[in-house]
>>> print(open('upload.cif').read())   # mmCIF, C-alpha atoms and all ligand atoms
data_input
loop_
_atom_site.label_atom_id
_atom_site.label_comp_id
_atom_site.auth_asym_id
_atom_site.auth_seq_id
_atom_site.Cartn_x
_atom_site.Cartn_y
_atom_site.Cartn_z
CA MET A 232 -38.31 2.34 11.13
CA ALA A 233 -40.47 4.92 12.81
CA ARG A 234 -40.39 8.64 12.17
CA ILE A 235 -37.86 10.35 14.45
CA TYR A 236 -38.29 14.04 13.57
CA ASP A 237 -41.32 15.72 12.01
CA ARG A 238 -39.35 18.36 10.15
CA VAL A 239 -35.65 18.17 9.29
CA ALA A 240 -33.84 21.13 7.71
CA LEU A 241 -30.57 20.60 5.85
CA ILE A 242 -28.40 23.69 5.41
CA GLY A 243 -26.04 23.16 2.46
CA LEU A 244 -27.08 20.61 -0.15
CA GLY A 245 -23.93 18.74 -1.10
CA LEU A 246 -22.80 15.13 -0.89
CA ILE A 247 -23.56 14.64 2.80
CA ALA A 248 -26.90 16.47 2.89
CA SER A 249 -28.18 14.77 -0.27
CA SER A 250 -27.10 11.36 1.06
CA MET A 251 -28.93 12.15 4.31
CA CYS A 252 -32.07 12.98 2.31
CA HIS A 253 -31.97 9.64 0.50
CA ALA A 254 -31.11 7.68 3.66
CA MET A 255 -33.85 9.36 5.74
CA ARG A 256 -36.40 8.71 2.99
CA ARG A 257 -35.33 5.10 2.62
CA ALA A 258 -36.21 4.46 6.27
CA GLY A 259 -39.03 6.99 6.71
CA LEU A 260 -37.18 8.82 9.48
CA ALA A 261 -38.51 12.34 8.83
CA GLY A 262 -42.01 13.65 8.25
CA GLU A 263 -40.72 16.42 6.02
CA ILE A 264 -37.23 17.27 4.74
CA VAL A 265 -36.52 20.86 3.76
CA GLY A 266 -33.29 22.42 2.52
CA TYR A 267 -31.31 25.50 1.70
CA ALA A 268 -28.22 25.98 -0.46
CA ARG A 269 -26.26 29.18 -0.94
CA SER A 270 -26.17 29.19 -4.73
CA ALA A 271 -29.29 29.54 -6.86
CA GLU A 272 -27.87 26.92 -9.21
CA THR A 273 -27.67 24.31 -6.43
CA ARG A 274 -31.19 25.19 -5.24
CA ASP A 275 -32.48 24.78 -8.82
CA THR A 276 -30.76 21.41 -9.17
CA ALA A 277 -32.15 20.25 -5.83
CA ARG A 278 -35.67 21.27 -6.91
CA GLU A 279 -35.25 19.63 -10.31
CA ILE A 280 -34.26 16.26 -8.82
CA GLY A 281 -36.85 16.50 -6.03
CA LEU A 282 -34.19 16.15 -3.36
CA CYS A 283 -36.24 17.71 -0.54
CA ASP A 284 -39.94 18.36 0.06
CA GLN A 285 -39.22 22.08 -0.03
CA ILE A 286 -36.18 24.20 -0.92
CA TYR A 287 -35.93 27.71 0.54
CA ASP A 288 -33.94 30.71 -0.63
CA THR A 289 -32.61 31.53 2.85
CA ALA A 290 -31.21 29.38 5.64
CA ALA A 291 -33.49 31.07 8.18
CA GLU A 292 -36.65 30.15 6.25
CA ALA A 293 -35.51 26.52 6.08
CA ALA A 294 -34.58 26.34 9.78
CA LYS A 295 -37.80 27.96 11.01
CA ASP A 296 -40.15 25.37 12.57
CA ALA A 297 -37.62 22.54 12.10
CA ASP A 298 -37.24 19.93 14.84
CA LEU A 299 -33.73 19.15 13.61
CA VAL A 300 -31.42 21.47 11.69
CA VAL A 301 -28.25 19.92 10.28
CA LEU A 302 -25.43 22.19 9.13
CA CYS A 303 -23.91 20.50 6.06
CA VAL A 304 -21.62 23.30 4.86
CA PRO A 305 -17.80 23.48 4.86
CA VAL A 306 -16.35 23.81 8.36
CA GLY A 307 -15.33 27.44 7.79
CA ALA A 308 -18.93 28.42 6.93
CA MET A 309 -20.58 26.88 10.02
CA GLU A 310 -20.47 30.01 12.17
CA SER A 311 -22.09 32.40 9.71
CA VAL A 312 -24.89 29.90 9.05
CA ALA A 313 -25.44 29.36 12.80
CA GLN A 314 -25.60 33.11 13.30
CA GLU A 315 -28.17 33.48 10.54
CA ILE A 316 -30.54 30.76 11.76
CA ALA A 317 -30.21 31.42 15.52
CA PRO A 318 -33.10 33.93 15.82
CA VAL A 319 -35.68 31.61 14.20
CA LEU A 320 -34.85 28.32 15.95
CA LYS A 321 -37.79 26.63 17.60
CA GLN A 322 -37.67 25.94 21.36
CA GLY A 323 -36.80 22.26 21.94
CA ALA A 324 -35.26 21.89 18.47
CA THR A 325 -31.84 20.28 17.92
CA VAL A 326 -29.04 21.78 15.85
CA SER A 327 -26.40 19.36 14.59
CA ASP A 328 -23.62 19.45 12.01
CA VAL A 329 -21.62 16.98 9.93
CA GLY A 330 -18.30 18.87 9.86
CA SER A 331 -15.06 16.92 9.55
CA VAL A 332 -13.50 18.88 12.43
CA LYS A 333 -15.22 19.23 15.79
CA SER A 334 -13.36 21.53 18.28
CA THR A 335 -13.44 24.70 16.18
CA VAL A 336 -16.99 24.02 14.98
CA ILE A 337 -18.19 23.69 18.57
CA GLU A 338 -16.37 26.92 19.49
CA ALA A 339 -17.83 28.73 16.48
CA VAL A 340 -21.41 27.43 16.53
CA GLY A 341 -22.02 26.81 20.26
CA PRO A 342 -22.26 30.46 21.36
CA HIS A 343 -24.98 31.16 18.75
CA ILE A 344 -27.32 28.37 19.91
CA PRO A 345 -30.12 29.94 21.97
CA GLU A 346 -31.24 28.74 25.40
CA GLY A 347 -33.80 25.93 25.00
CA VAL A 348 -32.25 24.62 21.75
CA HIS A 349 -30.00 21.53 21.87
CA PHE A 350 -26.66 21.41 20.07
CA VAL A 351 -25.40 17.91 19.20
CA PRO A 352 -22.34 17.87 16.90
CA ALA A 353 -21.77 14.79 14.73
CA HIS A 354 -19.45 13.52 12.01
CA PRO A 355 -20.30 10.65 9.65
CA LEU A 356 -17.07 8.91 8.60
CA ALA A 357 -18.21 8.31 5.06
CA GLY A 358 -17.74 10.20 1.85
CA THR A 359 -16.57 10.18 -1.71
CA GLU A 360 -14.54 12.61 -3.82
CA HIS A 361 -17.77 13.96 -5.36
CA SER A 362 -19.76 17.01 -4.25
CA GLY A 363 -23.08 18.68 -4.84
CA PRO A 364 -26.76 17.69 -4.62
CA ARG A 365 -26.57 15.04 -7.34
CA SER A 366 -23.72 13.14 -5.68
CA GLY A 367 -25.63 11.70 -2.72
CA PHE A 368 -26.90 8.14 -2.33
CA ALA A 369 -28.88 6.34 0.37
CA GLU A 370 -26.24 3.70 1.15
CA LEU A 371 -23.38 6.12 1.91
CA PHE A 372 -23.63 5.70 5.69
CA ASP A 373 -24.41 1.98 5.78
CA ASN A 374 -22.08 0.21 8.19
CA ARG A 375 -19.90 3.34 8.55
CA PHE A 376 -19.29 5.08 11.84
CA CYS A 377 -20.94 8.34 12.76
CA ILE A 378 -19.10 9.96 15.66
CA ILE A 379 -21.32 11.91 18.04
CA VAL A 380 -19.52 14.61 20.03
CA PRO A 381 -21.89 15.72 22.81
CA VAL A 382 -21.02 19.01 24.45
CA GLU A 383 -21.09 19.26 28.24
CA GLY A 384 -24.54 19.66 29.75
CA THR A 385 -26.45 18.59 26.64
CA ASP A 386 -29.83 16.97 27.22
CA ARG A 387 -29.28 13.19 26.91
CA ALA A 388 -32.66 12.62 25.27
CA ALA A 389 -31.69 15.01 22.44
CA VAL A 390 -28.40 13.15 21.93
CA ASP A 391 -30.15 9.76 21.89
CA ARG A 392 -32.72 11.00 19.39
CA LEU A 393 -29.98 12.09 16.97
CA ILE A 394 -28.25 8.74 17.49
CA ASP A 395 -31.52 7.00 16.53
CA LEU A 396 -31.59 9.04 13.33
CA TRP A 397 -28.04 8.08 12.35
CA ARG A 398 -28.68 4.43 13.22
CA GLY A 399 -31.80 4.60 11.05
CA MET A 400 -29.63 5.92 8.20
CA GLY A 401 -27.48 2.78 8.53
CA ALA A 402 -24.59 4.16 10.59
CA LEU A 403 -22.72 2.65 13.52
CA ILE A 404 -22.35 5.03 16.45
CA ASP A 405 -19.46 6.06 18.67
CA GLU A 406 -19.17 8.96 21.07
CA MET A 407 -16.01 10.88 21.91
CA ASP A 408 -14.90 14.34 22.94
CA ALA A 409 -13.96 16.92 20.34
CA GLU A 410 -10.23 17.02 21.01
CA HIS A 411 -9.90 13.25 20.74
CA HIS A 412 -12.05 13.21 17.59
CA ASP A 413 -9.80 15.78 15.93
CA LEU A 414 -6.64 13.81 16.77
CA VAL A 415 -8.11 10.50 15.55
CA LEU A 416 -9.31 12.10 12.32
CA ALA A 417 -5.95 13.81 11.79
CA VAL A 418 -4.46 10.29 11.68
CA THR A 419 -7.15 8.45 9.74
CA SER A 420 -8.40 11.09 7.32
CA HIS A 421 -6.84 14.54 7.33
CA THR A 422 -3.13 13.71 7.03
CA PRO A 423 -3.76 10.92 4.47
CA HIS A 424 -5.63 13.44 2.33
CA LEU A 425 -2.72 15.88 2.56
CA ILE A 426 -0.31 13.13 1.53
CA ALA A 427 -2.51 12.22 -1.44
CA TYR A 428 -2.74 15.88 -2.49
CA THR A 429 1.05 16.12 -2.24
CA MET A 430 1.75 12.96 -4.25
CA VAL A 431 -0.56 14.00 -7.04
CA GLY A 432 1.00 17.47 -6.96
CA VAL A 433 4.48 15.95 -7.25
CA ALA A 434 3.43 13.87 -10.26
CA ASP A 435 1.91 16.96 -11.80
CA ASP A 436 5.13 18.91 -11.25
CA LEU A 437 6.96 16.24 -13.24
CA ARG A 438 5.01 17.22 -16.32
CA ARG A 439 7.32 15.36 -18.62
CA VAL A 440 6.03 12.18 -16.98
CA THR A 441 2.47 13.26 -16.23
CA ASP A 442 1.57 14.09 -19.81
CA SER A 443 2.13 10.57 -20.96
CA GLU A 444 3.34 7.79 -18.72
CA VAL A 445 1.64 8.63 -15.43
CA ILE A 446 -1.78 8.57 -16.97
CA LYS A 447 -1.12 5.66 -19.31
CA TYR A 448 0.52 3.44 -16.70
CA SER A 449 -1.39 4.71 -13.70
CA ALA A 450 -1.17 1.87 -11.20
CA ALA A 451 -3.75 1.24 -8.49
CA GLY A 452 -1.76 3.03 -5.77
CA PHE A 453 -1.52 6.28 -7.68
CA ARG A 454 -5.13 6.00 -8.89
CA ASP A 455 -6.28 5.81 -5.26
CA PHE A 456 -4.29 8.97 -4.54
CA THR A 457 -5.86 10.79 -7.50
CA ARG A 458 -9.36 9.85 -6.31
CA ILE A 459 -8.67 11.28 -2.87
CA ALA A 460 -6.93 14.35 -4.33
CA ALA A 461 -10.03 15.09 -6.44
CA SER A 462 -11.99 15.95 -3.26
CA ASP A 463 -13.53 19.39 -2.82
CA PRO A 464 -10.82 22.09 -2.37
CA VAL A 465 -12.97 24.35 -0.16
CA MET A 466 -13.91 21.53 2.20
CA TRP A 467 -10.30 20.41 2.59
CA ARG A 468 -8.88 23.94 2.88
CA ASP A 469 -11.25 24.44 5.81
CA VAL A 470 -10.35 21.08 7.39
CA PHE A 471 -6.66 21.97 7.55
CA LEU A 472 -7.25 25.54 8.70
CA ASN A 473 -9.49 24.21 11.49
CA ASN A 474 -7.53 21.13 12.60
CA LYS A 475 -4.15 22.81 12.57
CA GLU A 476 -2.63 21.49 15.79
CA ALA A 477 -3.51 17.79 15.41
CA THR A 478 -2.62 17.71 11.72
CA LEU A 479 0.77 19.36 12.32
CA GLU A 480 1.47 16.87 15.14
CA ILE A 481 0.72 13.88 12.90
CA LEU A 482 2.58 15.39 9.94
CA GLY A 483 5.64 15.77 12.18
CA ARG A 484 5.53 12.09 13.06
CA PHE A 485 4.90 11.16 9.43
CA THR A 486 7.95 13.13 8.31
CA GLU A 487 10.17 11.40 10.89
CA GLU A 488 9.06 7.95 9.72
CA LEU A 489 9.49 8.94 6.09
CA PHE A 490 13.07 10.01 6.79
CA ALA A 491 13.71 6.66 8.51
CA LEU A 492 12.39 4.79 5.46
CA GLN A 493 14.44 7.06 3.19
CA ARG A 494 17.56 6.17 5.19
CA ALA A 495 16.71 2.44 5.04
CA ILE A 496 16.43 2.62 1.25
CA ARG A 497 19.71 4.54 0.95
CA GLN A 498 21.54 2.10 3.24
CA GLY A 499 19.96 -0.98 1.70
CA ASP A 500 18.42 -1.92 5.07
CA GLY A 501 15.95 -4.55 3.80
CA ASP A 502 15.11 -5.77 7.32
CA HIS A 503 13.82 -2.34 8.29
CA LEU A 504 11.68 -2.09 5.16
CA HIS A 505 10.34 -5.64 5.52
CA ASP A 506 9.47 -5.22 9.21
CA TYR A 507 7.77 -1.92 8.54
CA PHE A 508 5.67 -3.22 5.65
CA THR A 509 4.70 -6.32 7.65
CA ARG A 510 3.38 -4.11 10.46
CA THR A 511 1.38 -1.92 8.09
CA ARG A 512 -0.08 -4.91 6.25
CA ALA A 513 -1.60 -6.12 9.53
CA ILE A 514 -3.36 -2.76 9.93
CA ARG A 515 -5.03 -3.04 6.50
CA ARG A 516 -6.23 -6.55 7.33
CA GLY A 517 -7.65 -5.31 10.62
CA ILE A 518 -9.73 -2.70 8.76
CA ILE A 519 -11.13 -5.30 6.37
CA GLU A 520 -11.89 -7.73 9.18
CA ALA A 521 -13.81 -4.99 10.98
CA GLY A 522 -16.00 -4.64 7.86
CA GLN A 523 -15.05 -0.97 7.44
CA ASP A 524 -13.63 -1.15 3.93
CA THR A 525 -16.32 -0.54 1.37
CA ASP A 526 -13.91 -0.39 -1.58
CA ALA A 527 -12.41 -3.80 -0.99
CA PRO A 528 -13.84 -6.74 -2.91
CA ASP A 529 -16.95 -7.83 -1.07
CA PHE A 530 -16.11 -11.21 0.41
CA GLY A 531 -19.56 -11.13 1.96
CA ARG A 532 -17.76 -9.11 4.65
CA VAL A 533 -16.14 -12.32 5.84
CA LYS A 534 -12.66 -12.37 7.27
CA VAL A 535 -9.92 -12.21 4.67
CA ARG A 536 -7.86 -15.37 4.56
CA LYS A 537 -4.46 -15.03 6.19
CA GLU A 538 -1.44 -16.74 4.70
N1 LIG B 1 -17.27 14.80 1.54
C1 LIG B 1 -16.93 14.04 2.52
O1 LIG B 1 -16.24 13.05 2.32
C2 LIG B 1 -17.39 14.38 3.92
C3 LIG B 1 -17.56 13.34 4.84
C4 LIG B 1 -18.03 13.65 6.13
C5 LIG B 1 -18.25 14.97 6.49
N2 LIG B 1 -18.03 15.95 5.57
C6 LIG B 1 -18.31 17.34 5.99
O2 LIG B 1 -19.61 17.64 5.57
C7 LIG B 1 -19.73 19.02 5.23
C8 LIG B 1 -20.31 19.13 3.83
O3 LIG B 1 -19.47 18.44 2.94
P1 LIG B 1 -20.00 17.89 1.52
O4 LIG B 1 -19.03 16.87 1.09
O5 LIG B 1 -21.43 17.57 1.59
O6 LIG B 1 -19.75 19.21 0.66
P2 LIG B 1 -20.33 19.67 -0.75
O7 LIG B 1 -19.27 20.54 -1.35
O8 LIG B 1 -20.85 18.55 -1.54
O9 LIG B 1 -21.54 20.61 -0.29
C9 LIG B 1 -21.35 21.75 0.51
C10 LIG B 1 -22.60 22.62 0.49
O10 LIG B 1 -22.36 23.78 1.30
C11 LIG B 1 -22.67 24.96 0.55
N3 LIG B 1 -21.79 26.06 1.00
C12 LIG B 1 -20.48 26.20 0.74
N4 LIG B 1 -20.02 27.32 1.32
C13 LIG B 1 -21.08 27.90 1.94
C14 LIG B 1 -21.25 29.08 2.70
N5 LIG B 1 -20.21 29.90 2.94
N6 LIG B 1 -22.48 29.36 3.18
C15 LIG B 1 -23.52 28.56 2.94
N7 LIG B 1 -23.41 27.41 2.23
C16 LIG B 1 -22.21 27.10 1.73
C17 LIG B 1 -22.43 24.56 -0.88
O11 LIG B 1 -23.15 25.42 -1.76
C18 LIG B 1 -23.00 23.14 -0.89
O12 LIG B 1 -24.40 23.17 -0.99
C19 LIG B 1 -18.34 19.62 5.41
O13 LIG B 1 -18.27 20.28 6.64
C20 LIG B 1 -17.43 18.43 5.41
O14 LIG B 1 -16.28 18.66 6.20
C21 LIG B 1 -17.66 15.69 4.29
O1 LIG B 2 -13.81 8.13 0.94
C1 LIG B 2 -13.59 9.32 0.82
O2 LIG B 2 -13.62 9.88 -0.24
C2 LIG B 2 -13.29 10.11 2.02
O3 LIG B 2 -12.30 10.77 1.99
C3 LIG B 2 -14.22 10.13 3.16
C4 LIG B 2 -13.68 10.72 4.45
C5 LIG B 2 -12.45 9.92 4.89
O4 LIG B 2 -11.36 10.45 5.01
O5 LIG B 2 -12.64 8.73 5.15
C6 LIG B 2 -13.32 12.15 4.24
C7 LIG B 2 -13.66 13.13 5.09
C8 LIG B 2 -14.57 12.93 6.14
O6 LIG B 2 -14.76 13.88 7.04
C9 LIG B 2 -15.02 11.60 6.36
C10 LIG B 2 -14.73 10.62 5.47
#
>>> encode(input="upload.cif", output="structure tokens", more="lines below")
Ligand SMILES: NC(=O)c1ccc[n+]([C@@H]2O[C@H](COP(=O)([O-])OP(=O)(O)OC[C@H]3O[C@@H](n4cnc5c(N)ncnc54)[C@H](O)[C@@H]3O)[C@@H](O)[C@H]2O)c1
Ligand SMILES: O=C(O)C(=O)C[C@]1(C(=O)O)C=C[C@@H](O)C=C1
Amino acid sequence: MARIYDRVALIGLGLIASSMCHAMRRAGLAGEIVGYARSAETRDTAREIGLCDQIYDTAAEAAKDADLVVLCVPVGAMESVAQEIAPVLKQGATVSDVGSVKSTVIEAVGPHIPEGVHFVPAHPLAGTEHSGPRSGFAELFDNRFCIIVPVEGTDRAAVDRLIDLWRGMGALIDEMDAEHHDLVLAVTSHTPHLIAYTMVGVADDLRRVTDSEVIKYSAAGFRDFTRIAASDPVMWRDVFLNNKEATLEILGRFTEELFALQRAIRQGDGDHLHDYFTRTRAIRRGIIEAGQDTDAPDFGRVKVRKE
């Protein structure tokens, strides 16, 4: 794969930025990768493991002369970073981000992007519960979607160039507007995380059980919840504060369905439970058939047999 940008600057050096470093290097997509992280400890770690070609002590130094600057910080920190780098951005450069929410990030970052600099928001739908510069790996984005959210009037060539970069890092591409993105993600990612956090919190409240049985007999379902609930608290605090409307809408629907299931259990309505679980089973199979489930046993990504 050919080089797409001469100099890429990553602001924030956590899971996503470090995975981007490895994935860009794997395919030779950037001439030079430079980075900045807020804490001296993270910068030291990044230098120690040779994550980037150069690590700077300020975001502005890293962004200066970059052809692409990617904001890889929690959603709530995007605006202050954009404000800091704005004065040094090179004419013709592209600023992008990887935030899990798009509408508020566009509102917060957009106004700081100077004339002559392109702003192309993006969101890779791939992650783990781990954070920090050591947690990244080159394969994170392989066969996972990266949603590109072009803002009105953006230069198409700048959008296509960023798409080439994500494709080169292994991702599949889709484009949608910010409002739709935030609703889709509220369903597929944000509300499920909240439910996992809640379930693990409930188990923790029942200390009598948690101290012994929950850990000892932890079944796969609960283990999956604990993995999700181990995700970074700052990142997820910011997701919910920034995708308020869509998350509350989906949570409202979730609560209604939960009450219906609660009633079915109380009334012994087995038909309702069976029909519901049959419908949801089909959704899981659809995900596996689409090759989007990296945790499932690898059947060579072939279709799962249907009974
Ligand atoms: N982890 C995931 O599963 C995942 C997936 C896709 C997108 N995202 C998004 O990517 C972004 C980064 O997430 P991550 O998982 O790489 O996080 P991370 O916690 O691993 O890394 C975040 C980085 O941002 C820095 N940072 C935190 N607050 C800052 C501030 N106020 N100013 C400057 N730097 C600051 C941290 O020091 C760290 O270097 C977030 O916006 C998140 O929503 C995360
Ligand atoms: O697999 C995980 O650990 C994730 O939670 C990744 C996940 C997701 O919900 O799928 C989390 C947040 C993102 O913005 C994108 C991906």
>>> closest_residue(input="upload.cif", among="A:Glu360, A:Asp408, A:Asp275, A:Asp328", to="Trp467 of chain A", atoms="all atoms listed in the file")
A:Glu360
>>> residues_near_ligand(input="upload.cif", ligand="ligand LIG 2 (chain B)", cutoff="6 Å", atoms="all atoms listed in the file", output="list in words")
Ser331, Leu356, Ala357, Gly358, Thr359, Glu360, Ser420 and Ile459 of chain A
>>> residues_around(input="upload.cif", residues="segment 238-252 of chain A", least_positions_apart="4", cutoff="7 Å", atoms="only C-alpha atoms", output="PyMOL selection string")
chain A and resi 256+261-269+282-283+290+293-294+297-304+361-364+366-369+371
>>> atom_distance(input="upload.cif", atom1="atom CA of Gln322 of chain A", atom2="atom CA of Asp386 of chain A")
13.3 Å
>>> atom_distance(input="upload.cif", atom1="atom CA of Val312 of chain A", atom2="atom CA of Glu279 of chain A")
24.2 Å
>>> atom_distance(input="upload.cif", atom1="atom O9 of ligand LIG 1 (chain B)", atom2="atom CA of Met430 of chain A")
24.8 Å
>>> closest_atom_pairs(input="upload.cif", of="segment 331-371 of chain A", to="segment 470-488 of chain A", cutoff="10 Å", atoms="only C-alpha atoms", output="JSON lines")
{"residue": "A:Ser331", "atom": "CA", "partner": "A:Val470", "partner_atom": "CA", "distance": 6.6}
{"residue": "A:Val332", "atom": "CA", "partner": "A:Val470", "partner_atom": "CA", "distance": 6.3}
{"residue": "A:Lys333", "atom": "CA", "partner": "A:Asn474", "partner_atom": "CA", "distance": 8.5}
{"residue": "A:Ser334", "atom": "CA", "partner": "A:Asn474", "partner_atom": "CA", "distance": 8.1}
{"residue": "A:Thr335", "atom": "CA", "partner": "A:Asn473", "partner_atom": "CA", "distance": 6.2}
{"residue": "A:Val336", "atom": "CA", "partner": "A:Asn473", "partner_atom": "CA", "distance": 8.3}
>>> closest_residue(input="upload.cif", among="A:Ala427, A:Ala451, A:Ala461, A:Val306", to="ligand LIG 1 (chain B)", atoms="all atoms listed in the file")
A:Val306
>>> closest_residue(input="upload.cif", among="A:Met309, A:Val351, A:Ala271, A:Leu504", to="Leu492 of chain A", atoms="all atoms listed in the file")
A:Leu504
>>> closest_residue(input="upload.cif", among="A:Phe350, A:Phe490, A:Tyr236, A:Phe376", to="ligand LIG 1 (chain B)", atoms="all atoms listed in the file")
A:Phe376
>>> decode(input="upload.cif", residues="segment 393-411 of chain A", atoms="N, CA and C atoms", output="PDB file, in the first residue's frame")
ATOM      1  N   LEU A 393      -8.835  10.375   3.453  1.00  0.00           N
ATOM      2  CA  LEU A 393      -8.953   9.776   4.787  1.00  0.00           C
ATOM      3  C   LEU A 393      -9.555   8.369   4.685  1.00  0.00           C
ATOM      4  N   ILE A 394     -10.501   8.201   3.766  1.00  0.00           N
ATOM      5  CA  ILE A 394     -11.088   6.872   3.549  1.00  0.00           C
ATOM      6  C   ILE A 394      -9.992   5.891   3.115  1.00  0.00           C
ATOM      7  N   ASP A 395      -9.104   6.340   2.220  1.00  0.00           N
ATOM      8  CA  ASP A 395      -7.992   5.474   1.777  1.00  0.00           C
ATOM      9  C   ASP A 395      -7.133   5.054   2.970  1.00  0.00           C
ATOM     10  N   LEU A 396      -6.917   5.993   3.890  1.00  0.00           N
ATOM     11  CA  LEU A 396      -6.099   5.661   5.066  1.00  0.00           C
ATOM     12  C   LEU A 396      -6.775   4.568   5.896  1.00  0.00           C
ATOM     13  N   TRP A 397      -8.081   4.755   6.165  1.00  0.00           N
ATOM     14  CA  TRP A 397      -8.779   3.752   6.994  1.00  0.00           C
ATOM     15  C   TRP A 397      -8.860   2.404   6.285  1.00  0.00           C
ATOM     16  N   ARG A 398      -9.072   2.443   4.963  1.00  0.00           N
ATOM     17  CA  ARG A 398      -9.081   1.171   4.215  1.00  0.00           C
ATOM     18  C   ARG A 398      -7.713   0.508   4.335  1.00  0.00           C
ATOM     19  N   GLY A 399      -6.666   1.318   4.245  1.00  0.00           N
ATOM     20  CA  GLY A 399      -5.298   0.784   4.348  1.00  0.00           C
ATOM     21  C   GLY A 399      -5.025   0.185   5.721  1.00  0.00           C
ATOM     22  N   MET A 400      -5.751   0.698   6.747  1.00  0.00           N
ATOM     23  CA  MET A 400      -5.593   0.140   8.097  1.00  0.00           C
ATOM     24  C   MET A 400      -6.496  -1.070   8.307  1.00  0.00           C
ATOM     25  N   GLY A 401      -7.182  -1.504   7.254  1.00  0.00           N
ATOM     26  CA  GLY A 401      -7.963  -2.743   7.316  1.00  0.00           C
ATOM     27  C   GLY A 401      -9.456  -2.549   7.472  1.00  0.00           C
ATOM     28  N   ALA A 402      -9.903  -1.278   7.610  1.00  0.00           N
ATOM     29  CA  ALA A 402     -11.314  -1.048   7.930  1.00  0.00           C
ATOM     30  C   ALA A 402     -12.217  -1.075   6.701  1.00  0.00           C
ATOM     31  N   LEU A 403     -13.492  -1.365   6.967  1.00  0.00           N
ATOM     32  CA  LEU A 403     -14.553  -1.220   5.970  1.00  0.00           C
ATOM     33  C   LEU A 403     -15.128   0.176   6.194  1.00  0.00           C
ATOM     34  N   ILE A 404     -15.633   0.791   5.138  1.00  0.00           N
ATOM     35  CA  ILE A 404     -16.062   2.193   5.260  1.00  0.00           C
ATOM     36  C   ILE A 404     -17.556   2.357   5.022  1.00  0.00           C
ATOM     37  N   ASP A 405     -18.172   3.194   5.832  1.00  0.00           N
ATOM     38  CA  ASP A 405     -19.531   3.664   5.592  1.00  0.00           C
ATOM     39  C   ASP A 405     -19.556   5.151   5.872  1.00  0.00           C
ATOM     40  N   GLU A 406     -20.496   5.838   5.213  1.00  0.00           N
ATOM     41  CA  GLU A 406     -20.638   7.275   5.486  1.00  0.00           C
ATOM     42  C   GLU A 406     -22.055   7.521   5.969  1.00  0.00           C
ATOM     43  N   MET A 407     -22.215   8.391   6.949  1.00  0.00           N
ATOM     44  CA  MET A 407     -23.564   8.787   7.378  1.00  0.00           C
ATOM     45  C   MET A 407     -23.488  10.148   8.047  1.00  0.00           C
ATOM     46  N   ASP A 408     -24.678  10.753   8.267  1.00  0.00           N
ATOM     47  CA  ASP A 408     -24.632  12.060   8.930  1.00  0.00           C
ATOM     48  C   ASP A 408     -24.542  11.854  10.443  1.00  0.00           C
ATOM     49  N   ALA A 409     -24.177  12.932  11.122  1.00  0.00           N
ATOM     50  CA  ALA A 409     -23.840  12.829  12.547  1.00  0.00           C
ATOM     51  C   ALA A 409     -25.023  12.391  13.400  1.00  0.00           C
ATOM     52  N   GLU A 410     -26.196  12.936  13.092  1.00  0.00           N
ATOM     53  CA  GLU A 410     -27.370  12.613  13.919  1.00  0.00           C
ATOM     54  C   GLU A 410     -27.704  11.125  13.815  1.00  0.00           C
ATOM     55  N   HIS A 411     -27.658  10.617  12.567  1.00  0.00           N
ATOM     56  CA  HIS A 411     -27.955   9.196  12.360  1.00  0.00           C
ATOM     57  C   HIS A 411     -26.885   8.333  13.046  1.00  0.00           C
TER      58      HIS A 411
END
